[in-house]
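Trainee: Below: one structure in structure tokens.
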Amino acid sequence: MTLDGIADEVTAGKTVELRNFGVFEVIVRKSRTGRNPRQPENEVIIPDRCVVKFKAGKELKERVKTFIPDNVK
């Protein structure tokens with residue numbers, strides 16, 4: 001239910017802040033020109049689009065810094 005609530009608010013264009021965890025918001029990426037790596041002479045227009053941006057909060061960043069993956073030990 002919580003994730004549905006966050007998704008509903010973000011899709012409505014609102015910013016959702018979870019204290020000490022992070023912020024979800026919608027941003028618009030501007031259109032740009034792209035290329036097919038197999039045929040670089042062909043340019044493709046990539047249209048504007050909305051994407052979700054997440055910015056981690058201070059406490060989450062600090063906890064991730066102390067994480068040591070199993071394959072690094």
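FYI, nothing fancy with the structure tokens labels: chains A, B, ... in order, residues from 1 per chain, ligands from 1 as they appear.
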Using DSSP secondary structure from the backbone, list all strand (DSSP E) positions within chain A, as a PyMOL selection string.
Mentor: chain A and resi 16-18+22-29+32-36+39-46+49-56
Trainee: I'd like the contact shell of Gly57 in chain A - 9 Å cut-off, only C-alpha atoms, skipping same-chain residues fewer than 5 positions apart - returned as a PDB file with N, CA and C atoms, in the first residue's frame.
Mentor:
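Done, and the output landed in selection.pdb:
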```
ATOM      1  N   LEU A  18      10.676  11.074   1.986  1.00  0.00           N
ATOM      2  CA  LEU A  18      10.670  10.182   3.138  1.00  0.00           C
ATOM      3  C   LEU A  18      11.867  10.595   3.987  1.00  0.00           C
ATOM      4  N   ARG A  19      11.600  11.208   5.108  1.00  0.00           N
ATOM      5  CA  ARG A  19      12.659  11.780   5.949  1.00  0.00           C
ATOM      6  C   ARG A  19      13.772  10.784   6.210  1.00  0.00           C
ATOM      7  N   ASN A  20      14.992  11.233   6.059  1.00  0.00           N
ATOM      8  CA  ASN A  20      16.211  10.473   6.290  1.00  0.00           C
ATOM      9  C   ASN A  20      16.396   9.300   5.327  1.00  0.00           C
ATOM     10  N   PHE A  21      15.476   9.097   4.397  1.00  0.00           N
ATOM     11  CA  PHE A  21      15.620   8.029   3.413  1.00  0.00           C
ATOM     12  C   PHE A  21      15.919   8.615   2.046  1.00  0.00           C
ATOM     13  N   GLY A  22      15.039   9.511   1.558  1.00  0.00           N
ATOM     14  CA  GLY A  22      15.288  10.120   0.266  1.00  0.00           C
ATOM     15  C   GLY A  22      14.070  10.818  -0.300  1.00  0.00           C
ATOM     16  N   VAL A  23      14.234  11.326  -1.521  1.00  0.00           N
ATOM     17  CA  VAL A  23      13.194  12.094  -2.201  1.00  0.00           C
ATOM     18  C   VAL A  23      12.973  11.513  -3.594  1.00  0.00           C
ATOM     19  N   GLU A  62      24.909   7.510   4.651  1.00  0.00           N
ATOM     20  CA  GLU A  62      25.855   7.110   5.690  1.00  0.00           C
ATOM     21  C   GLU A  62      25.823   5.601   5.914  1.00  0.00           C
TER      22      GLU A  62
END
```
Trainee: Would you list the contacts of range 38-53 of chain A as a PyMOL selection string, taking every protein, DNA or RNA residue within 12 Å and counting only C-alpha atoms, but skipping same-chain residues closer than 6 positions in sequence?
Mentor: chain A and resi 6-7+9-17+22-32
